[in-house]
Amino acid sequence: MNRTAIDSVDSAADSAVVSLDGVSQRFVTDSGDVVHALAETDLTIPQGQFVCVVGPSGCGKTTLLKIIAGFLEPTGGTARYRGQDITEPGAERGVVFQQPNLFPWFSVRENVALGMRMRKVGKKERSQKAQEYLDLVGLGDFGEAKPYELSGGMQQRAQIARVLANETDVILMDEPFGALDAITRARLQADLLSIQRKQHRTVFFITHDVDEAVFLGDRVLVMSARPGRVVLDQEVTLSSQAGRVLGEEMRRLPEFIELRERVAGAIEH
Amino acid sequence: MLEQMAELVDPLYLPGPQAVLGAFIDANRCLVVDENSGRTVCGVQNYYLWEHLIASLQRIGVGVALAAVLGIALGALMSMWEPANTAFAPFLNFLRALPPLGYIGLIIVWVGIGDTSKYLLLFLAAFPPIVIATIDGVRGVREDYLSAARSMGASSPQMARFVVLPAATASIFSGVRLAVGFAWTTVVAAELNNGIPGIGGLAYISGTQLNTALTIACIIVIGLVALALDGAIRWVGDRLVPWHGKV
Ligand SMILES: Nc1ncnc2c1ncn2[C@@H]1O[C@H](COP(=O)(O)OP(=O)(O)OP(=O)(O)O)[C@@H](O)[C@H]1O
Ligand SMILES: [Mg+2]
């Protein structure tokens, strides 16, 4: 396609998967205090972008995710998904929760296949696809197990498989790798990236880990607390180079280190 | 004279284990009461004790089953639709506070002295705990389960089937357990009038006839069977909700 510069600006706005327009959030606590969890925030996430959000605990990362997921109606501004106001959760916005929450009355495989079951996908097909994604997260042998028979990290991986198998347009992830060991974490990071690249998914990924954010993100948002707001919106240019493929080596690139320091510096403030 | 009375009074108030066991055995077999004519009497009040027990169990079964079906339905409605809750909650709490003995007379006047009055009384005793447990169960479903299902695209019926019902099962089951317990405590009241066959009726009548050994035998049977039944319900519950206490 041959587009003029102005056309491509327009199409960028059109192709925004998620757009927040002055979105803010206040909570009234049980004791009656008002918590300003999120200051007015503008954010546009185009199709296929991997957005990482870092910031100290309590700065409003989960709040932001819940608004995009449709679990929380913002007290100010509007959140849109592909131009439509977000009023409720939807199958096109899958969520990996901070705490594992697989359904204990289903086996791990049934959990992963549940979204397909809800869409009336045939039994054989959904079980096959569920197995595919269980294999991907290294749980190929645990399809018949019950969630409470898995370790915390395994449950978290199963939760990731559940969302990936649902083939959602947007994947919202709330510190999904927080409970994993370094090796599993590195493997899942690589797998997530390759799926995201291959299927051109849009990812909104919360993490505490600056290194992880810079490694995964096309773009890193740094948030600060009270009220929660975005203090740095950093594009990660490394990713557009084939740098990702380098994996671990990428972390030693001078550009990577410099970016990581810039992001870390923004968190300090 | 005094000695005789002491002998007479003592076992009447508290018959010994042997007398109770004897009453239990006699109530389960046929006895020749008249050597000359060879007339025999089987059980007590024309039924063996186990037949009395079966009759009561059957009444409890019908009452609790009815209470479970309607109670779970009403509980689900009340937990998901606030107007229903506002409308029914006061009646339920009112009903819950009433002693069954207090209104059995009224029920007999309304529906007659037959089995219907007994089913109704047992139903009324079993109904409130099941409704309340269902409401608790549905309202207590973890918020993040609901969120997860909704962001997987669940419709309302799918939500009920795949998430709310399974999540509420443990609570509903403990409601049924409580209900069966209440039904047992109500069974004597239900069988006060025209309650033969029925183990509650037998316990009551044998008491009025000063056959205290049989009364105590009935009470022990009721207690043991109630215990066994509770164990069975718990066993089923543990199998239906194996994750209970693990998540
Ligand atoms: N339901 C609520 N009621 C009252 N206050 C809330 C509620 N949810 C969140 N908050 C407050 O909003 C702020 C942001 O919370 P949020 O969960 O978004 O933080 P977070 O950045 O995800 O933190 P963490 O990294 O620890 O998960 C916190 O100060 C929290 O106390
Ligand atoms: Mg959080």
# chains A, B, ... in the order shown; residues from 1 in each chain; ligands from 1
$ residues_around --residues "range 44-58 of chain A" --least-positions-apart "4" --cutoff "6 Å" --atoms "only C-alpha atoms" --output "count of residues only"
23
$ residues_near_ligand --ligand "ligand 1" --cutoff "9 Å" --atoms "only C-alpha atoms and all ligand atoms" --output "PyMOL selection string"
chain A and resi 25-30+33-38+54-66+98+174-175+206-208+223-228
$ interface_residues --of "chain B" --to "chain A" --cutoff "9 Å" --atoms "only C-alpha atoms" --output "VMD selection string"
chain B and resid 144 to 145 147 to 155 158 162 to 163 166 to 167 240 to 243 246 to 247
$ write_last_selection --atoms "N, CA, C and O atoms" --output "PDB file, in the first residue's frame"
ATOM      1  N   ASP B 144     -13.108 -12.749  40.989  1.00  0.00           N
ATOM      2  CA  ASP B 144     -12.197 -12.957  39.854  1.00  0.00           C
ATOM      3  C   ASP B 144     -12.611 -14.158  38.995  1.00  0.00           C
ATOM      4  O   ASP B 144     -12.251 -14.229  37.824  1.00  0.00           O
ATOM      5  N   TYR B 145     -13.381 -15.094  39.558  1.00  0.00           N
ATOM      6  CA  TYR B 145     -13.948 -16.155  38.727  1.00  0.00           C
ATOM      7  C   TYR B 145     -14.947 -15.540  37.735  1.00  0.00           C
ATOM      8  O   TYR B 145     -14.965 -15.873  36.556  1.00  0.00           O
ATOM      9  N   SER B 147     -15.094 -12.416  36.762  1.00  0.00           N
ATOM     10  CA  SER B 147     -14.370 -11.571  35.802  1.00  0.00           C
ATOM     11  C   SER B 147     -13.740 -12.426  34.716  1.00  0.00           C
ATOM     12  O   SER B 147     -13.824 -12.105  33.530  1.00  0.00           O
ATOM     13  N   ALA B 148     -13.094 -13.518  35.136  1.00  0.00           N
ATOM     14  CA  ALA B 148     -12.417 -14.376  34.156  1.00  0.00           C
ATOM     15  C   ALA B 148     -13.415 -14.922  33.141  1.00  0.00           C
ATOM     16  O   ALA B 148     -13.182 -14.874  31.940  1.00  0.00           O
ATOM     17  N   ALA B 149     -14.547 -15.405  33.645  1.00  0.00           N
ATOM     18  CA  ALA B 149     -15.535 -15.992  32.733  1.00  0.00           C
ATOM     19  C   ALA B 149     -16.102 -14.933  31.795  1.00  0.00           C
ATOM     20  O   ALA B 149     -16.295 -15.183  30.605  1.00  0.00           O
ATOM     21  N   ARG B 150     -16.337 -13.740  32.340  1.00  0.00           N
ATOM     22  CA  ARG B 150     -16.899 -12.693  31.492  1.00  0.00           C
ATOM     23  C   ARG B 150     -15.917 -12.278  30.405  1.00  0.00           C
ATOM     24  O   ARG B 150     -16.311 -12.019  29.262  1.00  0.00           O
ATOM     25  N   SER B 151     -14.627 -12.243  30.739  1.00  0.00           N
ATOM     26  CA  SER B 151     -13.678 -11.848  29.694  1.00  0.00           C
ATOM     27  C   SER B 151     -13.338 -13.033  28.793  1.00  0.00           C
ATOM     28  O   SER B 151     -12.522 -12.907  27.885  1.00  0.00           O
ATOM     29  N   MET B 152     -13.939 -14.188  29.064  1.00  0.00           N
ATOM     30  CA  MET B 152     -13.836 -15.287  28.103  1.00  0.00           C
ATOM     31  C   MET B 152     -15.069 -15.330  27.217  1.00  0.00           C
ATOM     32  O   MET B 152     -15.221 -16.230  26.390  1.00  0.00           O
ATOM     33  N   GLY B 153     -15.962 -14.380  27.413  1.00  0.00           N
ATOM     34  CA  GLY B 153     -17.122 -14.267  26.546  1.00  0.00           C
ATOM     35  C   GLY B 153     -18.344 -15.049  27.001  1.00  0.00           C
ATOM     36  O   GLY B 153     -19.196 -15.382  26.185  1.00  0.00           O
ATOM     37  N   ALA B 154     -18.425 -15.348  28.302  1.00  0.00           N
ATOM     38  CA  ALA B 154     -19.556 -16.142  28.794  1.00  0.00           C
ATOM     39  C   ALA B 154     -20.869 -15.358  28.724  1.00  0.00           C
ATOM     40  O   ALA B 154     -20.925 -14.198  29.100  1.00  0.00           O
ATOM     41  N   SER B 155     -21.914 -16.015  28.220  1.00  0.00           N
ATOM     42  CA  SER B 155     -23.254 -15.437  28.277  1.00  0.00           C
ATOM     43  C   SER B 155     -23.807 -15.711  29.676  1.00  0.00           C
ATOM     44  O   SER B 155     -23.214 -16.454  30.441  1.00  0.00           O
ATOM     45  N   GLN B 158     -24.360 -19.378  30.376  1.00  0.00           N
ATOM     46  CA  GLN B 158     -23.069 -20.055  30.488  1.00  0.00           C
ATOM     47  C   GLN B 158     -22.412 -19.723  31.814  1.00  0.00           C
ATOM     48  O   GLN B 158     -21.784 -20.567  32.448  1.00  0.00           O
ATOM     49  N   PHE B 162     -21.363 -22.729  34.081  1.00  0.00           N
ATOM     50  CA  PHE B 162     -19.943 -23.055  34.185  1.00  0.00           C
ATOM     51  C   PHE B 162     -19.269 -22.471  35.413  1.00  0.00           C
ATOM     52  O   PHE B 162     -18.196 -22.905  35.797  1.00  0.00           O
ATOM     53  N   VAL B 163     -19.860 -21.434  35.992  1.00  0.00           N
ATOM     54  CA  VAL B 163     -19.170 -20.775  37.096  1.00  0.00           C
ATOM     55  C   VAL B 163     -20.007 -20.729  38.383  1.00  0.00           C
ATOM     56  O   VAL B 163     -19.602 -21.276  39.410  1.00  0.00           O
ATOM     57  N   PRO B 166     -21.322 -24.376  39.916  1.00  0.00           N
ATOM     58  CA  PRO B 166     -20.266 -25.166  40.549  1.00  0.00           C
ATOM     59  C   PRO B 166     -19.662 -24.464  41.768  1.00  0.00           C
ATOM     60  O   PRO B 166     -19.373 -25.106  42.770  1.00  0.00           O
ATOM     61  N   ALA B 167     -19.488 -23.142  41.664  1.00  0.00           N
ATOM     62  CA  ALA B 167     -18.863 -22.427  42.776  1.00  0.00           C
ATOM     63  C   ALA B 167     -19.754 -22.431  44.009  1.00  0.00           C
ATOM     64  O   ALA B 167     -19.271 -22.386  45.136  1.00  0.00           O
ATOM     65  N   LEU B 240     -18.424 -34.372  45.251  1.00  0.00           N
ATOM     66  CA  LEU B 240     -18.912 -33.344  44.318  1.00  0.00           C
ATOM     67  C   LEU B 240     -18.034 -32.097  44.352  1.00  0.00           C
ATOM     68  O   LEU B 240     -17.924 -31.382  43.367  1.00  0.00           O
ATOM     69  N   VAL B 241     -17.454 -31.813  45.498  1.00  0.00           N
ATOM     70  CA  VAL B 241     -16.678 -30.585  45.650  1.00  0.00           C
ATOM     71  C   VAL B 241     -15.294 -30.920  46.183  1.00  0.00           C
ATOM     72  O   VAL B 241     -14.931 -30.529  47.280  1.00  0.00           O
ATOM     73  N   PRO B 242     -14.496 -31.650  45.380  1.00  0.00           N
ATOM     74  CA  PRO B 242     -13.207 -32.096  45.898  1.00  0.00           C
ATOM     75  C   PRO B 242     -12.229 -30.946  46.151  1.00  0.00           C
ATOM     76  O   PRO B 242     -11.258 -31.129  46.873  1.00  0.00           O
ATOM     77  N   TRP B 243     -12.518 -29.788  45.600  1.00  0.00           N
ATOM     78  CA  TRP B 243     -11.581 -28.676  45.756  1.00  0.00           C
ATOM     79  C   TRP B 243     -11.841 -27.895  47.041  1.00  0.00           C
ATOM     80  O   TRP B 243     -11.099 -26.984  47.375  1.00  0.00           O
ATOM     81  N   LYS B 246      -9.255 -26.166  49.274  1.00  0.00           N
ATOM     82  CA  LYS B 246      -7.953 -26.211  48.603  1.00  0.00           C
ATOM     83  C   LYS B 246      -7.697 -24.977  47.749  1.00  0.00           C
ATOM     84  O   LYS B 246      -6.599 -24.786  47.249  1.00  0.00           O
ATOM     85  N   VAL B 247      -8.735 -24.202  47.499  1.00  0.00           N
ATOM     86  CA  VAL B 247      -8.527 -22.972  46.718  1.00  0.00           C
ATOM     87  C   VAL B 247      -9.079 -21.769  47.473  1.00  0.00           C
ATOM     88  O   VAL B 247      -9.906 -21.921  48.334  1.00  0.00           O
TER      89      VAL B 247
END
$ closest_residue --among "B:Gly75, B:Gly112, B:Gly231, B:Pro197" --to "Gly43 in chain B" --atoms "only C-alpha atoms"
B:Pro197
$ select_by_dssp --residues "range 11-228 of chain B" --states "strand (DSSP E)" --output "list in words"
Cys30, Leu31, Val32, Val33, Asp34, Arg39, Thr40, Val41 and Cys42 of chain B
$ write_last_selection --atoms "N, CA, C and O atoms" --output "PDB file, in the first residue's frame"
ATOM      1  N   CYS B  30     -41.841 -60.758  65.865  1.00  0.00           N
ATOM      2  CA  CYS B  30     -43.185 -61.154  66.269  1.00  0.00           C
ATOM      3  C   CYS B  30     -43.129 -61.887  67.601  1.00  0.00           C
ATOM      4  O   CYS B  30     -42.218 -62.697  67.833  1.00  0.00           O
ATOM      5  N   LEU B  31     -44.071 -61.582  68.471  1.00  0.00           N
ATOM      6  CA  LEU B  31     -44.132 -62.211  69.785  1.00  0.00           C
ATOM      7  C   LEU B  31     -45.480 -62.894  69.962  1.00  0.00           C
ATOM      8  O   LEU B  31     -46.515 -62.356  69.560  1.00  0.00           O
ATOM      9  N   VAL B  32     -45.451 -64.081  70.570  1.00  0.00           N
ATOM     10  CA  VAL B  32     -46.707 -64.745  70.923  1.00  0.00           C
ATOM     11  C   VAL B  32     -47.210 -64.098  72.211  1.00  0.00           C
ATOM     12  O   VAL B  32     -46.527 -64.142  73.236  1.00  0.00           O
ATOM     13  N   VAL B  33     -48.369 -63.464  72.150  1.00  0.00           N
ATOM     14  CA  VAL B  33     -48.868 -62.773  73.342  1.00  0.00           C
ATOM     15  C   VAL B  33     -49.874 -63.632  74.115  1.00  0.00           C
ATOM     16  O   VAL B  33     -50.128 -63.408  75.282  1.00  0.00           O
ATOM     17  N   ASP B  34     -50.474 -64.586  73.457  1.00  0.00           N
ATOM     18  CA  ASP B  34     -51.472 -65.433  74.120  1.00  0.00           C
ATOM     19  C   ASP B  34     -51.170 -66.894  73.793  1.00  0.00           C
ATOM     20  O   ASP B  34     -51.377 -67.341  72.674  1.00  0.00           O
ATOM     21  N   ARG B  39     -52.133 -66.284  69.582  1.00  0.00           N
ATOM     22  CA  ARG B  39     -52.157 -64.966  68.940  1.00  0.00           C
ATOM     23  C   ARG B  39     -50.769 -64.316  69.024  1.00  0.00           C
ATOM     24  O   ARG B  39     -50.128 -64.341  70.090  1.00  0.00           O
ATOM     25  N   THR B  40     -50.309 -63.787  67.895  1.00  0.00           N
ATOM     26  CA  THR B  40     -49.007 -63.132  67.918  1.00  0.00           C
ATOM     27  C   THR B  40     -49.156 -61.656  67.549  1.00  0.00           C
ATOM     28  O   THR B  40     -50.090 -61.257  66.850  1.00  0.00           O
ATOM     29  N   VAL B  41     -48.202 -60.890  68.089  1.00  0.00           N
ATOM     30  CA  VAL B  41     -48.151 -59.472  67.722  1.00  0.00           C
ATOM     31  C   VAL B  41     -46.790 -59.212  67.097  1.00  0.00           C
ATOM     32  O   VAL B  41     -45.758 -59.611  67.642  1.00  0.00           O
ATOM     33  N   CYS B  42     -46.810 -58.582  65.947  1.00  0.00           N
ATOM     34  CA  CYS B  42     -45.544 -58.287  65.279  1.00  0.00           C
ATOM     35  C   CYS B  42     -45.203 -56.811  65.454  1.00  0.00           C
ATOM     36  O   CYS B  42     -46.038 -55.944  65.188  1.00  0.00           O
TER      37      CYS B  42
END
$ residues_around --residues "range 86-90 of chain B" --least-positions-apart "6" --cutoff "10 Å" --atoms "only C-alpha atoms" --output "number ranges by chain"
B: 74-75, 78, 96, 128, 131-132
$ decode --residues "range 222-235 of chain A" --atoms "all heavy atoms" --output "short mmCIF file (atom, residue, chain, number, x, y, z; two decimals), in the first residue's frame"
data_model
loop_
_atom_site.label_atom_id
_atom_site.label_comp_id
_atom_site.auth_asym_id
_atom_site.auth_seq_id
_atom_site.Cartn_x
_atom_site.Cartn_y
_atom_site.Cartn_z
N VAL A 222 5.97 4.09 32.05
CA VAL A 222 6.35 4.11 33.46
C VAL A 222 5.31 4.90 34.22
O VAL A 222 4.95 6.01 33.83
CB VAL A 222 7.75 4.75 33.66
CG1 VAL A 222 8.10 4.80 35.14
CG2 VAL A 222 8.79 3.97 32.88
N MET A 223 4.80 4.32 35.28
CA MET A 223 3.77 5.00 36.06
C MET A 223 4.31 5.37 37.43
O MET A 223 5.19 4.71 37.96
CB MET A 223 2.54 4.10 36.23
CG MET A 223 1.77 3.89 34.93
SD MET A 223 0.28 2.90 35.19
CE MET A 223 -0.73 4.02 36.15
N SER A 224 3.77 6.44 37.99
CA SER A 224 4.11 6.79 39.37
C SER A 224 2.82 6.92 40.16
O SER A 224 1.74 7.07 39.59
CB SER A 224 4.90 8.10 39.43
OG SER A 224 4.03 9.18 39.24
N ALA A 225 2.96 6.87 41.47
CA ALA A 225 1.77 6.76 42.32
C ALA A 225 1.23 8.10 42.83
O ALA A 225 1.90 9.11 42.75
CB ALA A 225 2.09 5.87 43.51
N ARG A 226 0.03 8.03 43.31
CA ARG A 226 -0.67 9.09 44.07
C ARG A 226 -0.66 10.43 43.40
O ARG A 226 0.10 11.29 43.81
CB ARG A 226 -0.08 9.21 45.48
CG ARG A 226 0.01 7.90 46.11
CD ARG A 226 -0.39 7.83 47.54
NE ARG A 226 -0.55 6.41 47.83
CZ ARG A 226 -1.74 5.83 47.99
NH1 ARG A 226 -2.82 6.53 47.99
NH2 ARG A 226 -1.82 4.56 48.22
N PRO A 227 -1.47 10.73 42.48
CA PRO A 227 -2.32 9.77 41.79
C PRO A 227 -1.52 9.04 40.73
O PRO A 227 -0.52 9.57 40.25
CB PRO A 227 -3.37 10.67 41.14
CG PRO A 227 -2.65 11.94 40.88
CD PRO A 227 -1.65 12.10 41.97
N GLY A 228 -1.98 7.85 40.36
CA GLY A 228 -1.27 7.09 39.35
C GLY A 228 -1.30 7.81 38.01
O GLY A 228 -2.33 8.29 37.57
N ARG A 229 -0.12 7.96 37.41
CA ARG A 229 -0.11 8.57 36.08
C ARG A 229 1.12 8.09 35.32
O ARG A 229 2.09 7.62 35.91
CB ARG A 229 -0.13 10.11 36.17
CG ARG A 229 1.03 10.68 36.87
CD ARG A 229 0.73 12.08 37.41
NE ARG A 229 1.79 12.46 38.33
CZ ARG A 229 2.94 13.00 37.96
NH1 ARG A 229 3.15 13.28 36.68
NH2 ARG A 229 3.88 13.27 38.83
N VAL A 230 1.05 8.26 34.00
CA VAL A 230 2.16 7.83 33.16
C VAL A 230 3.20 8.94 33.14
O VAL A 230 2.92 10.06 32.72
CB VAL A 230 1.68 7.52 31.72
CG1 VAL A 230 2.86 7.15 30.83
CG2 VAL A 230 0.64 6.41 31.75
N VAL A 231 4.40 8.67 33.64
CA VAL A 231 5.44 9.69 33.68
C VAL A 231 6.44 9.52 32.53
O VAL A 231 7.19 10.44 32.24
CB VAL A 231 6.19 9.70 35.03
CG1 VAL A 231 5.27 10.20 36.13
CG2 VAL A 231 6.75 8.33 35.38
N LEU A 232 6.47 8.34 31.92
CA LEU A 232 7.36 8.16 30.77
C LEU A 232 6.69 7.22 29.78
O LEU A 232 6.17 6.18 30.16
CB LEU A 232 8.71 7.57 31.22
CG LEU A 232 9.70 7.26 30.09
CD1 LEU A 232 10.24 8.53 29.46
CD2 LEU A 232 10.86 6.40 30.59
N ASP A 233 6.67 7.64 28.53
CA ASP A 233 6.11 6.79 27.47
C ASP A 233 7.25 6.55 26.48
O ASP A 233 7.53 7.40 25.63
CB ASP A 233 4.93 7.53 26.82
CG ASP A 233 4.22 6.65 25.80
OD1 ASP A 233 4.79 5.63 25.39
OD2 ASP A 233 3.09 7.01 25.41
N GLN A 234 7.92 5.43 26.66
CA GLN A 234 9.18 5.20 25.96
C GLN A 234 9.03 4.15 24.86
O GLN A 234 8.67 3.02 25.11
CB GLN A 234 10.23 4.72 26.98
CG GLN A 234 11.56 4.36 26.39
CD GLN A 234 12.26 5.58 25.81
OE1 GLN A 234 12.42 6.59 26.50
NE2 GLN A 234 12.69 5.50 24.55
N GLU A 235 9.34 4.58 23.64
CA GLU A 235 9.35 3.61 22.55
C GLU A 235 10.63 2.78 22.66
O GLU A 235 11.69 3.30 22.99
CB GLU A 235 9.33 4.36 21.22
CG GLU A 235 9.01 3.48 20.07
CD GLU A 235 7.97 4.15 19.16
OE1 GLU A 235 7.45 5.21 19.53
OE2 GLU A 235 7.71 3.58 18.10
#
